[in-house]
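Colleague: This is the content of query35.cif (mmCIF, C-alpha atoms and all ligand atoms):
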```cif
data_model
loop_
_atom_site.group_PDB
_atom_site.id
_atom_site.type_symbol
_atom_site.label_atom_id
_atom_site.label_comp_id
_atom_site.auth_asym_id
_atom_site.auth_seq_id
_atom_site.Cartn_x
_atom_site.Cartn_y
_atom_site.Cartn_z
ATOM 1 C CA MET A 7 -51.306 -50.126 -64.343
ATOM 2 C CA ARG A 8 -51.847 -51.811 -67.695
ATOM 3 C CA GLU A 9 -55.601 -52.289 -67.832
ATOM 4 C CA ARG A 10 -57.811 -53.826 -70.455
ATOM 5 C CA PHE A 11 -61.416 -53.709 -71.516
ATOM 6 C CA ALA A 12 -62.351 -56.940 -73.273
ATOM 7 C CA PRO A 13 -65.848 -56.773 -74.745
ATOM 8 C CA SER A 14 -67.498 -59.651 -76.566
ATOM 9 C CA PRO A 15 -69.153 -58.299 -79.724
ATOM 10 C CA THR A 16 -72.392 -60.152 -79.102
ATOM 11 C CA GLY A 17 -74.481 -56.982 -78.851
ATOM 12 C CA ASP A 18 -74.236 -53.244 -78.320
ATOM 13 C CA LEU A 19 -72.233 -51.654 -75.506
ATOM 14 C CA HIS A 20 -74.571 -51.508 -72.545
ATOM 15 C CA LEU A 21 -74.191 -49.347 -69.481
ATOM 16 C CA GLY A 22 -72.547 -52.164 -67.553
ATOM 17 C CA GLY A 23 -69.829 -52.308 -70.194
ATOM 18 C CA ALA A 24 -69.377 -48.543 -70.183
ATOM 19 C CA TYR A 25 -69.084 -48.626 -66.378
ATOM 20 C CA VAL A 26 -66.334 -51.265 -66.437
ATOM 21 C CA ALA A 27 -64.562 -49.496 -69.304
ATOM 22 C CA LEU A 28 -64.597 -46.149 -67.475
ATOM 23 C CA ALA A 29 -63.196 -47.758 -64.316
ATOM 24 C CA ALA A 30 -60.391 -49.460 -66.269
ATOM 25 C CA PHE A 31 -59.661 -46.292 -68.288
ATOM 26 C CA LEU A 32 -59.408 -44.117 -65.170
ATOM 27 C CA ARG A 33 -57.320 -46.645 -63.222
ATOM 28 C CA ALA A 34 -54.908 -46.824 -66.165
ATOM 29 C CA ARG A 35 -54.688 -43.077 -66.729
ATOM 30 C CA ALA A 36 -54.456 -42.230 -63.025
ATOM 31 C CA THR A 37 -51.428 -44.480 -62.635
ATOM 32 C CA GLY A 38 -49.678 -43.505 -65.870
ATOM 33 C CA GLY A 39 -50.417 -46.953 -67.309
ATOM 34 C CA ALA A 40 -52.067 -48.024 -70.543
ATOM 35 C CA PHE A 41 -55.689 -48.671 -71.458
ATOM 36 C CA VAL A 42 -55.903 -51.648 -73.800
ATOM 37 C CA VAL A 43 -59.014 -52.756 -75.692
ATOM 38 C CA ARG A 44 -59.222 -56.391 -76.751
ATOM 39 C CA MET A 45 -62.105 -57.667 -78.846
ATOM 40 C CA GLU A 46 -63.222 -61.088 -77.603
ATOM 41 C CA ASP A 47 -64.715 -62.323 -80.856
ATOM 42 C CA LEU A 48 -63.671 -65.953 -80.515
ATOM 43 C CA ASP A 49 -67.056 -67.591 -80.611
ATOM 44 C CA PRO A 50 -68.261 -67.224 -84.229
ATOM 45 C CA PRO A 51 -71.930 -68.171 -83.763
ATOM 46 C CA ARG A 52 -72.362 -65.608 -80.974
ATOM 47 C CA VAL A 53 -70.614 -62.705 -82.722
ATOM 48 C CA VAL A 54 -73.088 -60.170 -84.116
ATOM 49 C CA PRO A 55 -71.925 -58.607 -87.407
ATOM 50 C CA GLY A 56 -71.126 -54.927 -86.895
ATOM 51 C CA ALA A 57 -71.245 -55.117 -83.098
ATOM 52 C CA ALA A 58 -67.459 -54.777 -82.644
ATOM 53 C CA ASP A 59 -67.430 -51.546 -84.646
ATOM 54 C CA ARG A 60 -70.418 -50.177 -82.789
ATOM 55 C CA ILE A 61 -68.790 -50.933 -79.420
ATOM 56 C CA LEU A 62 -65.595 -49.149 -80.491
ATOM 57 C CA ASP A 63 -67.589 -46.185 -81.815
ATOM 58 C CA ASP A 64 -69.521 -45.972 -78.547
ATOM 59 C CA LEU A 65 -66.291 -46.010 -76.513
ATOM 60 C CA CYS A 66 -64.944 -43.152 -78.668
ATOM 61 C CA TRP A 67 -68.188 -41.224 -78.305
ATOM 62 C CA LEU A 68 -67.936 -41.529 -74.514
ATOM 63 C CA GLY A 69 -64.356 -40.204 -74.629
ATOM 64 C CA LEU A 70 -62.772 -43.538 -73.672
ATOM 65 C CA GLY A 71 -59.896 -43.580 -76.142
ATOM 66 C CA TRP A 72 -57.495 -46.525 -75.924
ATOM 67 C CA ASP A 73 -53.707 -46.727 -76.181
ATOM 68 C CA GLU A 74 -53.583 -50.175 -77.732
ATOM 69 C CA GLY A 75 -56.240 -52.203 -79.477
ATOM 70 C CA PRO A 76 -58.300 -52.449 -82.642
ATOM 71 C CA ARG A 77 -57.863 -49.516 -85.067
ATOM 72 C CA VAL A 78 -54.733 -48.206 -83.294
ATOM 73 C CA GLY A 79 -52.644 -51.399 -83.040
ATOM 74 C CA GLY A 80 -49.828 -51.696 -80.511
ATOM 75 C CA PRO A 81 -46.940 -53.932 -79.473
ATOM 76 C CA PHE A 82 -49.145 -56.979 -78.882
ATOM 77 C CA ALA A 83 -51.285 -56.793 -82.020
ATOM 78 C CA PRO A 84 -53.548 -58.235 -83.172
ATOM 79 C CA TYR A 85 -56.039 -57.261 -80.466
ATOM 80 C CA GLU A 86 -58.899 -59.356 -81.871
ATOM 81 C CA GLN A 87 -59.041 -62.837 -80.381
ATOM 82 C CA SER A 88 -60.286 -64.311 -83.661
ATOM 83 C CA ARG A 89 -56.849 -63.500 -85.085
ATOM 84 C CA ARG A 90 -54.881 -64.979 -82.182
ATOM 85 C CA GLN A 91 -55.800 -68.665 -82.443
ATOM 86 C CA GLY A 92 -52.148 -69.641 -83.127
ATOM 87 C CA ARG A 93 -51.117 -68.304 -79.718
ATOM 88 C CA TYR A 94 -53.834 -70.302 -77.980
ATOM 89 C CA ASP A 95 -52.812 -73.464 -79.819
ATOM 90 C CA ALA A 96 -49.178 -72.857 -78.784
ATOM 91 C CA ALA A 97 -50.156 -72.490 -75.114
ATOM 92 C CA ILE A 98 -52.207 -75.689 -75.262
ATOM 93 C CA ALA A 99 -49.290 -77.496 -76.897
ATOM 94 C CA GLU A 100 -47.008 -76.316 -74.094
ATOM 95 C CA LEU A 101 -49.394 -77.667 -71.450
ATOM 96 C CA ALA A 102 -49.878 -80.870 -73.440
ATOM 97 C CA ALA A 103 -46.109 -81.431 -73.574
ATOM 98 C CA ARG A 104 -46.200 -81.550 -69.768
ATOM 99 C CA GLY A 105 -49.006 -84.125 -69.751
ATOM 100 C CA LEU A 106 -51.593 -81.623 -68.542
ATOM 101 C CA VAL A 107 -54.050 -81.974 -71.437
ATOM 102 C CA TYR A 108 -56.280 -84.816 -72.599
ATOM 103 C CA PRO A 109 -58.974 -85.255 -75.235
ATOM 104 C CA CYS A 110 -62.576 -85.585 -74.121
ATOM 105 C CA THR A 111 -65.394 -86.951 -76.240
ATOM 106 C CA CYS A 112 -68.202 -86.618 -73.691
ATOM 107 C CA THR A 113 -71.435 -84.913 -74.667
ATOM 108 C CA ARG A 114 -73.132 -82.427 -72.372
ATOM 109 C CA ALA A 115 -75.827 -84.976 -71.577
ATOM 110 C CA GLU A 116 -73.259 -87.628 -70.656
ATOM 111 C CA ILE A 117 -71.488 -85.234 -68.298
ATOM 112 C CA ALA A 118 -74.759 -84.285 -66.644
ATOM 113 C CA ARG A 119 -75.644 -87.961 -66.153
ATOM 114 C CA ALA A 120 -72.194 -88.898 -64.846
ATOM 115 C CA ALA A 121 -71.951 -86.067 -62.323
ATOM 116 C CA SER A 122 -72.770 -87.517 -58.915
ATOM 117 C CA ALA A 123 -73.601 -84.207 -57.272
ATOM 118 C CA PRO A 124 -74.708 -81.641 -59.841
ATOM 119 C CA HIS A 125 -72.867 -78.421 -59.138
ATOM 120 C CA ALA A 126 -75.148 -75.452 -58.862
ATOM 121 C CA GLY A 127 -72.897 -73.219 -60.978
ATOM 122 C CA GLU A 128 -74.122 -71.510 -64.133
ATOM 123 C CA GLU A 129 -71.745 -73.574 -66.157
ATOM 124 C CA GLY A 130 -73.381 -76.853 -65.351
ATOM 125 C CA PRO A 131 -72.084 -79.816 -63.418
ATOM 126 C CA ARG A 132 -68.480 -80.467 -62.489
ATOM 127 C CA TYR A 133 -66.741 -82.561 -65.135
ATOM 128 C CA PRO A 134 -66.246 -85.946 -63.463
ATOM 129 C CA GLY A 135 -63.005 -86.764 -65.285
ATOM 130 C CA THR A 136 -64.404 -89.586 -67.404
ATOM 131 C CA CYS A 137 -61.920 -89.217 -70.269
ATOM 132 C CA ARG A 138 -58.867 -89.132 -68.016
ATOM 133 C CA ASP A 139 -59.152 -92.858 -68.708
ATOM 134 C CA PRO A 140 -58.321 -93.260 -72.427
ATOM 135 C CA ALA A 141 -60.387 -96.451 -72.555
ATOM 136 C CA ARG A 142 -63.532 -94.435 -71.936
ATOM 137 C CA ARG A 143 -63.060 -92.031 -74.858
ATOM 138 C CA ARG A 144 -65.302 -92.660 -77.849
ATOM 139 C CA GLU A 145 -63.584 -93.116 -81.169
ATOM 140 C CA GLY A 146 -64.973 -91.181 -84.100
ATOM 141 C CA ARG A 147 -66.381 -88.320 -82.096
ATOM 142 C CA PRO A 148 -64.839 -84.825 -82.270
ATOM 143 C CA ALA A 149 -62.788 -84.288 -79.100
ATOM 144 C CA ALA A 150 -62.486 -81.249 -76.874
ATOM 145 C CA LEU A 151 -59.231 -80.763 -74.959
ATOM 146 C CA ARG A 152 -59.365 -80.517 -71.188
ATOM 147 C CA LEU A 153 -56.857 -79.410 -68.556
ATOM 148 C CA ARG A 154 -55.845 -82.018 -65.990
ATOM 149 C CA VAL A 155 -56.650 -79.808 -62.997
ATOM 150 C CA PRO A 156 -54.437 -80.345 -59.948
ATOM 151 C CA ASP A 157 -56.194 -81.063 -56.652
ATOM 152 C CA GLU A 158 -55.104 -77.928 -54.822
ATOM 153 C CA ILE A 159 -56.578 -74.804 -53.332
ATOM 154 C CA ILE A 160 -56.133 -71.702 -55.471
ATOM 155 C CA ARG A 161 -55.965 -68.480 -53.482
ATOM 156 C CA PHE A 162 -56.231 -64.926 -54.729
ATOM 157 C CA VAL A 163 -57.234 -61.546 -53.386
ATOM 158 C CA ASP A 164 -59.808 -59.434 -55.160
ATOM 159 C CA ALA A 165 -59.648 -55.698 -54.453
ATOM 160 C CA ILE A 166 -63.402 -55.631 -53.865
ATOM 161 C CA ALA A 167 -64.508 -59.179 -53.015
ATOM 162 C CA GLY A 168 -61.509 -59.816 -50.744
ATOM 163 C CA ALA A 169 -59.626 -63.073 -50.203
ATOM 164 C CA ARG A 170 -60.924 -66.090 -52.108
ATOM 165 C CA ALA A 171 -59.985 -69.749 -52.041
ATOM 166 C CA GLU A 172 -61.221 -72.416 -54.411
ATOM 167 C CA ASN A 173 -60.228 -75.948 -55.273
ATOM 168 C CA VAL A 174 -60.989 -75.963 -58.979
ATOM 169 C CA ALA A 175 -60.726 -79.759 -59.107
ATOM 170 C CA GLU A 176 -63.709 -79.872 -56.743
ATOM 171 C CA THR A 177 -65.810 -77.023 -58.152
ATOM 172 C CA VAL A 178 -65.538 -77.355 -61.932
ATOM 173 C CA GLY A 179 -63.117 -80.222 -62.446
ATOM 174 C CA ASP A 180 -61.003 -80.621 -65.582
ATOM 175 C CA PHE A 181 -62.180 -77.701 -67.711
ATOM 176 C CA VAL A 182 -62.094 -77.178 -71.462
ATOM 177 C CA LEU A 183 -59.113 -75.489 -73.138
ATOM 178 C CA ARG A 184 -60.248 -76.111 -76.698
ATOM 179 C CA ARG A 185 -63.747 -77.000 -77.767
ATOM 180 C CA ALA A 186 -64.495 -79.898 -80.067
ATOM 181 C CA ASP A 187 -65.015 -77.403 -82.917
ATOM 182 C CA GLY A 188 -61.378 -76.291 -82.504
ATOM 183 C CA VAL A 189 -62.074 -72.893 -80.916
ATOM 184 C CA ALA A 190 -60.013 -72.014 -77.834
ATOM 185 C CA SER A 191 -62.079 -71.634 -74.668
ATOM 186 C CA TYR A 192 -62.698 -68.257 -73.075
ATOM 187 C CA GLN A 193 -60.667 -69.278 -69.985
ATOM 188 C CA LEU A 194 -57.589 -70.194 -71.994
ATOM 189 C CA ALA A 195 -57.739 -67.252 -74.402
ATOM 190 C CA VAL A 196 -58.190 -64.635 -71.700
ATOM 191 C CA VAL A 197 -55.205 -65.918 -69.710
ATOM 192 C CA VAL A 198 -52.903 -66.227 -72.729
ATOM 193 C CA ASP A 199 -53.813 -62.696 -73.815
ATOM 194 C CA ASP A 200 -53.607 -61.059 -70.394
ATOM 195 C CA LEU A 201 -50.142 -62.589 -69.905
ATOM 196 C CA GLU A 202 -48.817 -61.698 -73.339
ATOM 197 C CA MET A 203 -50.289 -58.185 -73.210
ATOM 198 C CA ARG A 204 -48.694 -57.715 -69.758
ATOM 199 C CA ILE A 205 -51.989 -56.746 -68.176
ATOM 200 C CA ASP A 206 -51.303 -56.199 -64.482
ATOM 201 C CA GLU A 207 -54.809 -55.336 -63.310
ATOM 202 C CA VAL A 208 -58.145 -56.685 -64.526
ATOM 203 C CA VAL A 209 -61.292 -54.681 -63.871
ATOM 204 C CA ARG A 210 -64.477 -56.472 -64.890
ATOM 205 C CA GLY A 211 -67.957 -57.416 -63.723
ATOM 206 C CA ASP A 212 -68.278 -59.783 -60.793
ATOM 207 C CA ASP A 213 -70.148 -62.259 -62.972
ATOM 208 C CA LEU A 214 -66.605 -63.393 -63.834
ATOM 209 C CA LEU A 215 -65.496 -63.896 -60.220
ATOM 210 C CA PRO A 216 -66.341 -67.631 -60.509
ATOM 211 C CA SER A 217 -63.893 -67.911 -63.449
ATOM 212 C CA THR A 218 -61.015 -66.265 -61.635
ATOM 213 C CA ALA A 219 -59.575 -69.266 -59.774
ATOM 214 C CA ARG A 220 -59.369 -71.142 -63.085
ATOM 215 C CA GLN A 221 -57.566 -68.195 -64.640
ATOM 216 C CA VAL A 222 -55.107 -67.893 -61.726
ATOM 217 C CA LEU A 223 -54.371 -71.608 -62.056
ATOM 218 C CA LEU A 224 -53.829 -71.378 -65.819
ATOM 219 C CA ALA A 225 -51.623 -68.289 -65.539
ATOM 220 C CA ARG A 226 -49.365 -70.076 -63.063
ATOM 221 C CA LEU A 227 -49.239 -73.256 -65.164
ATOM 222 C CA LEU A 228 -48.161 -71.098 -68.106
ATOM 223 C CA GLY A 229 -45.366 -69.642 -65.997
ATOM 224 C CA GLY A 230 -46.969 -66.232 -65.557
ATOM 225 C CA GLU A 231 -48.009 -63.968 -62.735
ATOM 226 C CA PRO A 232 -51.792 -63.477 -62.529
ATOM 227 C CA PRO A 233 -52.987 -59.842 -62.589
ATOM 228 C CA ARG A 234 -54.545 -57.953 -59.689
ATOM 229 C CA TRP A 235 -58.323 -58.433 -59.721
ATOM 230 C CA VAL A 236 -61.026 -55.809 -59.317
ATOM 231 C CA HIS A 237 -64.471 -57.354 -59.760
ATOM 232 C CA LEU A 238 -67.159 -54.681 -59.798
ATOM 233 C CA PRO A 239 -70.670 -55.593 -58.689
ATOM 234 C CA LEU A 240 -72.847 -55.572 -61.759
ATOM 235 C CA VAL A 241 -74.997 -52.805 -63.107
ATOM 236 C CA LEU A 242 -78.635 -53.693 -62.598
ATOM 237 C CA GLY A 243 -81.551 -53.012 -64.881
ATOM 238 C CA PRO A 244 -84.862 -51.498 -63.806
ATOM 239 C CA ASP A 245 -86.165 -54.925 -62.843
ATOM 240 C CA GLY A 246 -83.267 -55.407 -60.407
ATOM 241 C CA GLU A 247 -81.585 -58.024 -62.572
ATOM 242 C CA ARG A 248 -78.140 -57.680 -64.108
ATOM 243 C CA LEU A 249 -78.105 -55.792 -67.382
ATOM 244 C CA ALA A 250 -78.192 -58.281 -70.171
ATOM 245 C CA LYS A 251 -79.013 -58.375 -73.795
ATOM 246 C CA ARG A 252 -82.631 -59.238 -73.143
ATOM 247 C CA HIS A 253 -83.031 -55.830 -71.493
ATOM 248 C CA GLN A 254 -82.622 -54.298 -74.920
ATOM 249 C CA SER A 255 -85.875 -55.848 -76.027
ATOM 250 C CA ARG A 256 -87.798 -54.881 -72.908
ATOM 251 C CA PHE A 257 -86.461 -51.427 -72.089
ATOM 252 C CA ARG A 258 -85.016 -48.502 -73.956
ATOM 253 C CA GLY A 259 -81.991 -46.867 -72.393
ATOM 254 C CA SER A 260 -79.872 -49.807 -71.261
ATOM 255 C CA THR A 261 -77.334 -49.326 -74.057
ATOM 256 C CA VAL A 262 -75.092 -46.372 -74.815
ATOM 257 C CA ALA A 263 -76.514 -46.126 -78.346
ATOM 258 C CA GLU A 264 -80.098 -45.900 -77.097
ATOM 259 C CA LEU A 265 -79.190 -43.195 -74.600
ATOM 260 C CA ARG A 266 -77.432 -41.222 -77.336
ATOM 261 C CA GLU A 267 -80.495 -41.556 -79.574
ATOM 262 C CA ALA A 268 -82.667 -40.362 -76.704
ATOM 263 C CA GLY A 269 -80.531 -37.208 -76.492
ATOM 264 C CA VAL A 270 -78.495 -38.036 -73.371
ATOM 265 C CA ALA A 271 -75.027 -36.446 -73.633
ATOM 266 C CA ALA A 272 -71.860 -38.524 -73.326
ATOM 267 C CA GLU A 273 -70.645 -36.340 -70.457
ATOM 268 C CA GLU A 274 -73.876 -36.896 -68.571
ATOM 269 C CA ILE A 275 -73.457 -40.684 -68.830
ATOM 270 C CA VAL A 276 -69.799 -40.478 -67.781
ATOM 271 C CA GLY A 277 -70.708 -38.177 -64.877
ATOM 272 C CA VAL A 278 -73.292 -40.619 -63.524
ATOM 273 C CA LEU A 279 -70.949 -43.608 -63.865
ATOM 274 C CA ALA A 280 -68.031 -41.714 -62.261
ATOM 275 C CA ALA A 281 -70.174 -40.859 -59.240
ATOM 276 C CA ALA A 282 -71.308 -44.492 -59.022
ATOM 277 C CA LEU A 283 -67.632 -45.501 -58.991
ATOM 278 C CA GLY A 284 -66.940 -43.070 -56.155
ATOM 279 C CA VAL A 285 -64.608 -40.843 -58.180
ATOM 280 C CA THR A 286 -66.888 -37.867 -57.558
ATOM 281 C CA ASP A 287 -69.406 -37.174 -54.799
ATOM 282 C CA ALA A 288 -72.338 -36.447 -57.061
ATOM 283 C CA PRO A 289 -73.134 -36.920 -60.753
ATOM 284 C CA ARG A 290 -71.822 -33.948 -62.703
ATOM 285 C CA PRO A 291 -71.325 -34.003 -66.487
ATOM 286 C CA ALA A 292 -67.657 -34.633 -67.275
ATOM 287 C CA ALA A 293 -65.394 -36.048 -69.936
ATOM 288 C CA PRO A 294 -63.306 -39.062 -68.833
ATOM 289 C CA ASP A 295 -60.067 -37.090 -69.283
ATOM 290 C CA ALA A 296 -61.320 -34.459 -66.833
ATOM 291 C CA LEU A 297 -61.744 -37.130 -64.135
ATOM 292 C CA ILE A 298 -58.184 -38.464 -64.148
ATOM 293 C CA ALA A 299 -56.963 -36.148 -61.402
ATOM 294 C CA ALA A 300 -59.924 -37.082 -59.194
ATOM 295 C CA ALA A 301 -59.301 -40.794 -59.893
ATOM 296 C CA ARG A 302 -55.765 -40.382 -58.519
ATOM 297 C CA GLU A 303 -57.253 -39.405 -55.151
ATOM 298 C CA ARG A 304 -60.136 -41.888 -55.221
ATOM 299 C CA ALA A 305 -59.569 -45.005 -57.297
ATOM 300 C CA PRO A 306 -62.747 -46.064 -59.130
ATOM 301 C CA ALA A 307 -64.384 -48.927 -57.221
ATOM 302 C CA ARG A 308 -67.732 -49.849 -55.764
ATOM 303 C CA THR A 309 -68.953 -52.520 -53.403
ATOM 304 C CA ALA A 310 -72.710 -52.231 -53.986
ATOM 305 C CA PRO A 311 -74.621 -52.946 -57.173
ATOM 306 C CA PHE A 312 -75.433 -49.884 -59.246
ATOM 307 C CA HIS A 313 -78.909 -49.355 -60.683
ATOM 308 C CA VAL A 314 -79.429 -47.713 -64.030
ATOM 309 C CA PRO A 315 -80.967 -44.293 -63.311
ATOM 310 C CA GLU A 316 -84.729 -44.486 -63.676
ATOM 311 C CA ALA A 317 -84.844 -41.378 -65.831
ATOM 312 C CA TRP A 318 -82.858 -43.206 -68.477
ATOM 313 C CA VAL A 319 -84.894 -46.338 -68.950
ATOM 314 C CA ARG A 320 -88.381 -46.688 -70.290
ATOM 315 C CA PRO A 321 -90.251 -49.906 -70.935
ATOM 316 C CA ARG A 322 -90.915 -50.430 -74.589
ATOM 317 C CA ALA A 323 -94.479 -49.731 -75.607
ATOM 318 C CA SER A 324 -95.003 -53.246 -76.895
ATOM 319 C CA HIS A 325 -94.325 -54.845 -73.505
HETATM 320 N N1 LIG A 401 -65.369 -60.843 -72.928
HETATM 321 C C1 LIG A 401 -65.924 -60.973 -71.614
HETATM 322 C C2 LIG A 401 -67.281 -60.330 -71.566
HETATM 323 O O1 LIG A 401 -67.586 -59.473 -72.374
HETATM 324 C C3 LIG A 401 -65.058 -60.314 -70.559
HETATM 325 C C4 LIG A 401 -63.851 -61.106 -70.317
HETATM 326 C C5 LIG A 401 -63.004 -60.606 -69.179
HETATM 327 O O2 LIG A 401 -63.076 -59.410 -68.829
HETATM 328 O O3 LIG A 401 -62.233 -61.407 -68.663
HETATM 329 O O4 LIG A 401 -68.065 -60.687 -70.709
HETATM 330 ZN ZN ZN A 402 -64.943 -86.819 -71.517
#
```
Could you render the structure from this file as structure tokens?
Modeller:
Amino acid sequence: MRERFAPSPTGDLHLGGAYVALAAFLRARATGGAFVVRMEDLDPPRVVPGAADRILDDLCWLGLGWDEGPRVGGPFAPYEQSRRQGRYDAAIAELAARGLVYPCTCTRAEIARAASAPHAGEEGPRYPGTCRDPARRREGRPAALRLRVPDEIIRFVDAIAGARAENVAETVGDFVLRRADGVASYQLAVVVDDLEMRIDEVVRGDDLLPSTARQVLLARLLGGEPPRWVHLPLVLGPDGERLAKRHQSRFRGSTVAELREAGVAAEEIVGVLAAALGVTDAPRPAAPDALIAAARERAPARTAPFHVPEAWVRPRASH
């Protein structure tokens, strides 16, 4: 399988990232495929200077070398999304030529007010389609570009979550392909890249399960075959919530760098994550390469959330 790990350089590599990366690495190596790293640095205000390099260094330190990606290149270079904007614009132009794109000048507040039934999703209310009617667009405002989402049920099967069905027109509505500041949206960029890079299986955290129907839809509209999906339940912090950047301020030991500084060996981290992924029966220190044979017998996967081992995390003194 061609697998990818696609970190956003908005902070250091945390254990949840290492867990997903190990699963993708082992699934690629066990099947004679390729492990691709793609840096998702599209959103300039959120990118933290130096974070991309630290993530790549941490992956190397863990033994998760990649076949294609930053530093090593490959047939689909560049592997940094910030350098791929032309491809995203081309995909949007292709959709626009088929009448599937329209400009939208609504503000967040206007969308919230116009939505009859606010959708409970993290991403805010469903877009009610206001600007499908050109008369309702506001001149002189910067415009985002939205996809004219067909009213149809999108079906896909996730290797862990099972069969899913979603009518994107009902759940999120016409979603953004390019923001008003000209930056391609995450949904569009990820689909364009996964298709071009011939990714045939996507392993990632299940926080992205709600994006998947949109990505299946976009892949098909762009004439491609969506990948196989493997959404891993998230890694949870000591407070039982998903590992997130705010954990770094409240606990030590939620990032790979902090564990290294605390003297935890790379092979110990890999051993714990491999056991959590069911590749081994019990945590035993191991390099990723040494787990490939075991991953052929037992593909890395997990249906339950995984908690960061208590021995690794300590609340910071100041909290
Ligand atoms: N860049 C995204 C993240 O770090 C992952 C995107 C994906 O795997 O589709 O959350
Ligand atoms: Zn609008």
Colleague: Between A:Val174, A:Val189, A:Ile117, A:Ala36, which has the minimum distance to Ala300 in chain A (counting only C-alpha atoms)?
Modeller: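 Using only C-alpha atoms, the shortest distance to Ala300 in chain A belongs to A:Ala36.
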Colleague: Taking into account only C-alpha atoms, which residue in the set A:Glu46, A:Glu145, A:Glu116, A:Asp18 is nearest to Gln193 in chain A?
Modeller: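 Of the candidates, the smallest distance to Gln193 in chain A is held by A:Glu46.
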Colleague: Output the neighbourhood of ligand ZN 402 (chain A) as a ChimeraX atom specification, that is, all protein and nucleic acid residues with some atom at most 7 Å from the ligand, counting all atoms listed in the file.
Modeller: /A:110-112,135-137,143
Colleague: Evaluate the PyMOL selection byres (((not hetatm)) within 10 of (chain A and resi 401)) and record the selected residues as a PyMOL selection string, following the chain and residue labels used in the document.
Modeller: chain A and resi 10-17+19+23+26+44-48+87+192-193+195-197+199-200+208-215+217-218+221+237
Colleague: Write the residues of the preceding selection, restricted to C-alpha atoms, as a PDB file, keeping the file's coordinate frame.
Modeller:
```pdb
ATOM      1  CA  ARG A  10     -57.811 -53.826 -70.455  1.00  0.00           C
ATOM      2  CA  PHE A  11     -61.416 -53.709 -71.516  1.00  0.00           C
ATOM      3  CA  ALA A  12     -62.351 -56.940 -73.273  1.00  0.00           C
ATOM      4  CA  PRO A  13     -65.848 -56.773 -74.745  1.00  0.00           C
ATOM      5  CA  SER A  14     -67.498 -59.651 -76.566  1.00  0.00           C
ATOM      6  CA  PRO A  15     -69.153 -58.299 -79.724  1.00  0.00           C
ATOM      7  CA  THR A  16     -72.392 -60.152 -79.102  1.00  0.00           C
ATOM      8  CA  GLY A  17     -74.481 -56.982 -78.851  1.00  0.00           C
ATOM      9  CA  LEU A  19     -72.233 -51.654 -75.506  1.00  0.00           C
ATOM     10  CA  GLY A  23     -69.829 -52.308 -70.194  1.00  0.00           C
ATOM     11  CA  VAL A  26     -66.334 -51.265 -66.437  1.00  0.00           C
ATOM     12  CA  ARG A  44     -59.222 -56.391 -76.751  1.00  0.00           C
ATOM     13  CA  MET A  45     -62.105 -57.667 -78.846  1.00  0.00           C
ATOM     14  CA  GLU A  46     -63.222 -61.088 -77.603  1.00  0.00           C
ATOM     15  CA  ASP A  47     -64.715 -62.323 -80.856  1.00  0.00           C
ATOM     16  CA  LEU A  48     -63.671 -65.953 -80.515  1.00  0.00           C
ATOM     17  CA  GLN A  87     -59.041 -62.837 -80.381  1.00  0.00           C
ATOM     18  CA  TYR A 192     -62.698 -68.257 -73.075  1.00  0.00           C
ATOM     19  CA  GLN A 193     -60.667 -69.278 -69.985  1.00  0.00           C
ATOM     20  CA  ALA A 195     -57.739 -67.252 -74.402  1.00  0.00           C
ATOM     21  CA  VAL A 196     -58.190 -64.635 -71.700  1.00  0.00           C
ATOM     22  CA  VAL A 197     -55.205 -65.918 -69.710  1.00  0.00           C
ATOM     23  CA  ASP A 199     -53.813 -62.696 -73.815  1.00  0.00           C
ATOM     24  CA  ASP A 200     -53.607 -61.059 -70.394  1.00  0.00           C
ATOM     25  CA  VAL A 208     -58.145 -56.685 -64.526  1.00  0.00           C
ATOM     26  CA  VAL A 209     -61.292 -54.681 -63.871  1.00  0.00           C
ATOM     27  CA  ARG A 210     -64.477 -56.472 -64.890  1.00  0.00           C
ATOM     28  CA  GLY A 211     -67.957 -57.416 -63.723  1.00  0.00           C
ATOM     29  CA  ASP A 212     -68.278 -59.783 -60.793  1.00  0.00           C
ATOM     30  CA  ASP A 213     -70.148 -62.259 -62.972  1.00  0.00           C
ATOM     31  CA  LEU A 214     -66.605 -63.393 -63.834  1.00  0.00           C
ATOM     32  CA  LEU A 215     -65.496 -63.896 -60.220  1.00  0.00           C
ATOM     33  CA  SER A 217     -63.893 -67.911 -63.449  1.00  0.00           C
ATOM     34  CA  THR A 218     -61.015 -66.265 -61.635  1.00  0.00           C
ATOM     35  CA  GLN A 221     -57.566 -68.195 -64.640  1.00  0.00           C
ATOM     36  CA  HIS A 237     -64.471 -57.354 -59.760  1.00  0.00           C
TER      37      HIS A 237
END
```
Colleague: Could you put an axis-aligned box around every listed atom of range 184-197 of chain A, padded by 6 Å on each side, and send me its centre and edge lengths in Å to one decimal, as AutoDock Vina command-line options?
Modeller:
```
--center_x -60.1 --center_y -72.3 --center_z -76.3 --size_x 21.8 --size_y 27.3 --size_z 25.2
```
Colleague: Pick out the residues sitting within 9 Å of range 277-293 of chain A, and hand them over as a list in words; count only C-alpha atoms, and ignore anything fewer than 6 positions along from it in its own chain.
Modeller: Leu21, Ala24, Tyr25, Leu28, Ala29, Leu68, Gly69, Leu70, Ala271, Ala300, Ala301, Arg302, Glu303, Arg304, Ala305, Pro306, Ala307, Arg308, Phe312 and Pro315 of chain A
